[in-house]
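J.: Quick one: the structure is below, questions incoming.
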Amino acid sequence: MTVILAIIVACSAADRCPECGWQPRTTETSVEVGTAEELIAAVGRARPNTTIFLRDGVYQINRWFEVAVPDIVIRGRSGDRNKVVLRGPGVDEHQVGTILSVGAPRVTIADLSVGLVAHHGVQVRGELGADDVELHNLRVVETGQQLVKGSMGEDGRGPHRGLLSCSTLEYVDHAPSSYTNGVDVLGGRGWVVRDCVFRRIRGPEAEGHRAGPAVLFWHGSRDTIVERNLVLDCYRGIAFGLEPRAGDPGADHLGGVIRRNAICNRSPWADEAIEVGACPDVLIDHNTVLVEGKLRWSISVRFPETAATVRNNLTNNSVAARDGARLEQSANILDARPEWFVDPDRGDLRLVGYATPSPGDRPGISGLAAGVGAFEPGAKRPTPGRQPDPPGGRAPGAHP
């Protein structure tokens with residue numbers, strides 16, 4: 001199957017993103033490239049404080065290279081990520097594991113698409129000191145493992161203070177195996193994931209679509225903020241920590257906030273929407289969830305190390321405290337119905353008329369529903385930067 005990487009433009013090449021206000025780092029010099037070999041050569045000889053602009057086109061990446069110099073910006077010149085495509089040799093061709101491997105601090109990658117590679121579209125290598133990396137207005141699609149990876153060294157140090165914003169991470173239908181995530185960060189500190197879309201982060205149908213969470217921070221990560229994202233038709237949603245670690249305090253994630261996200265999967269194979277494992281001092285606030293799998297809960301906190309505040313969430317299922325977790329919850333609505341939402345099949349979980357109740361519903365549900373969940377009353381779109389599916393539900397620009 002051949003896949004053409006293409007998406008709808010989210011941000012222009014202007015200095016400020018119209019969706020979120022993000023601005024690229026300023027640099028002292030800039031160069032412009034138009035082929036894969038020119039790009040690889042420019043990265044190899046770049047000095048700090050350089051912007052590498054990519055002209056519109058398809059860049060066929062057939063060999064591995066690394067961004068090893070700090071304070072580098074790599075951007076599509078036009079700002080249209082549909083028109084700047086870094087394409088690997090395919091998910092089954094292992095001569096290129098990762099297209100954009102970042103091994104230095106303060107690197108920015110923006111305004112382009114990347115995919116069709118054996119392991120990761122982008123890897124942020126904490127073991128090499130890749131802190132303060134910014135990933136903005138990307139489309140990452142069709143990788144053999146995690147779409148975006150934040151890796152750590154043997155000492156447990158991962159990438160610190162990363163940003164992933166206004167980007168789309170997706171599979172055209174499903175990952176080649178269950179070993180996948182949208183973004184998977186080990187040992188990270190102070191990351192922000194915001195205003196992104198995660199679609200079809202799921203394994204093959206023959207494996208029950210099992211997969212890792214679309215958003216996963218673990219292995220000692222801490223102080224992560226995940227906000228204003230759309231997670232659609234993914235096997236699992238957002239996870240801070242998975243299980244207790246050896247030692248004291250045994251936490252897999254410390255602190256953090258999961259807020260104002262919309263998570264939707266109406267398939268019977270859907271798993272948890274939000275999960276917290278071995279994570280003290282976490283806040284889960286103002287999320288909207290419609291997940292119709294077989295579990296008795298849509299949000300769970302787990303293990304004695306976990307202390308969670310869960311409040312102001314709108315969901316169609318319960319909040320579960322499992323295996324000794326400490327849970328404080330308030331002002332959650334746990335019995336939302338599909339007809340409350342504008343277009344749940346397409347992931348639009350804005351409320352219809354503030355979820356006006358049918359006769360027989362308990363009094364006050366309309367006003368209460370309007371005050372919880374991910375969206376302010378009258379919100380114009382499901383999440384800032386969201387890119388709608390084209391007619392027929394196909395991924396943008398995907399062709400057999």
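As shown in the structure tokens, the chain order sets the letters A, B, ...; within each chain, residues go from 1, and ligands are also counted from 1 in the order they appear.
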With a distance cut-off of 8 Å and only C-alpha atoms, select the neighbouring residues of Val192 in chain A, excluding the residue or stretch itself and same-chain residues fewer than 6 positions from it, and output the selection as a list in words.

T.: Arg161, Gly162, Leu163, Leu164, Ser165, Thr224, Ile225, Val226 and Glu227 of chain A

J.: Closest to Thr143 in chain A among A:Cys196, A:Ile201, A:Ala239, A:Ala206, using only C-alpha atoms?

T.: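 For Thr143 in chain A, the nearest of the candidates is A:Ile201.
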
J.: Determine, counting only C-alpha atoms, which protein, DNA and RNA residues have an atom within 7 Å of an atom of Tyr171 in chain A; residues of the same chain fewer than 4 positions away are not included. Present the result as a CSV table (one decimal) with C-alpha atoms, in the first residue's frame.

T.:
chain,number,residue,atom,x,y,z
A,141,VAL,CA,1.7,9.1,10.3
A,142,GLU,CA,2.4,5.4,9.5
A,175,ALA,CA,-0.5,0.3,13.4
A,199,ARG,CA,-6.4,9.3,15.5
A,200,ARG,CA,-6.6,5.5,15.1
A,201,ILE,CA,-3.7,4.7,17.5

J.: Between A:Val140, A:Val85, A:Ala41, A:Ala251, which residue has the minimum interatomic distance to Val276 in chain A, considering only C-alpha atoms?

T.: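 Nearest candidate to Val276 in chain A out of A:Val140, A:Val85, A:Ala41, A:Ala251: A:Ala251.
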
J.: Suppose you want the space between CA of Tyr179 in chain A and CA of Val122 in chain A; what is it in Å?

T.: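 CA of Val122 in chain A lies 16.1 Å from CA of Tyr179 in chain A.
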
J.: Would you mind listing what lies within 9 Å of Ala110 in chain A as a list in words, with only C-alpha atoms counted and same-chain residues fewer than 5 positions away left out?

T.: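 Neighbouring residues, sequence-local ones excluded: Pro24, Val73, Ile74, Arg75, Gly76, Gly79, Arg81, Glu134, Leu135, His136, Asn137 and Leu138 of chain A.
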
J.: Select from range 24-236 of chain A everything DSSP, run on the backbone, classes as helix (DSSP H, G or I), then give the selection as a ChimeraX atom specification.

T.: /A:36-45,126-128,205-207

J.: What parts of range 187-218 of chain A does DSSP call strand (DSSP E)? I'd like the answer as an mmCIF file with C-alpha atoms, in the first residue's frame.

T.:
data_model
loop_
_atom_site.group_PDB
_atom_site.id
_atom_site.type_symbol
_atom_site.label_atom_id
_atom_site.label_comp_id
_atom_site.auth_asym_id
_atom_site.auth_seq_id
_atom_site.Cartn_x
_atom_site.Cartn_y
_atom_site.Cartn_z
ATOM 1 C CA VAL A 192 3.298 19.975 27.414
ATOM 2 C CA VAL A 193 1.106 18.218 24.839
ATOM 3 C CA ARG A 194 -1.636 20.545 23.648
ATOM 4 C CA VAL A 197 -5.256 15.299 17.298
ATOM 5 C CA PHE A 198 -4.569 11.592 17.840
ATOM 6 C CA ARG A 199 -6.437 9.261 15.463
ATOM 7 C CA PRO A 213 -2.152 4.694 25.062
ATOM 8 C CA ALA A 214 -2.281 7.431 22.454
ATOM 9 C CA VAL A 215 -0.501 9.679 24.967
ATOM 10 C CA LEU A 216 1.853 7.978 27.448
ATOM 11 C CA PHE A 217 4.259 9.515 29.959
ATOM 12 C CA TRP A 218 5.941 7.054 32.319
#

J.: Could you please determine the separation between CA of Leu327 in chain A and CA of Asn287 in chain A in Å, to one decimal place?

T.: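 Rounded to one decimal, the two atoms are 16.5 Å apart.
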
J.: Give me, as a list in words, all polymer residues having an atom no more than 10 Å from Asp323 in chain A, counting only C-alpha atoms and skipping those fewer than 3 positions away in the same chain.

T.: Gly277, Val301, Arg302, Phe303, Pro304, Glu305, Thr306, Ala320 and Arg326 of chain A

J.: Using only C-alpha atoms, find the one residue out of A:Ile109, A:Met152, A:Leu334, A:Val289 that sits nearest to Asp233 in chain A.

T.: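 Smallest distance to Asp233 in chain A is found for A:Val289.
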
J.: Give the answer as one residue: which of A:Val133, A:Val319, A:Leu314, A:Ala308 has the shortest atom-to-atom distance to Ile333 in chain A, using only C-alpha atoms?

T.: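 Counting only C-alpha atoms, the residue closest to Ile333 in chain A is A:Leu314.
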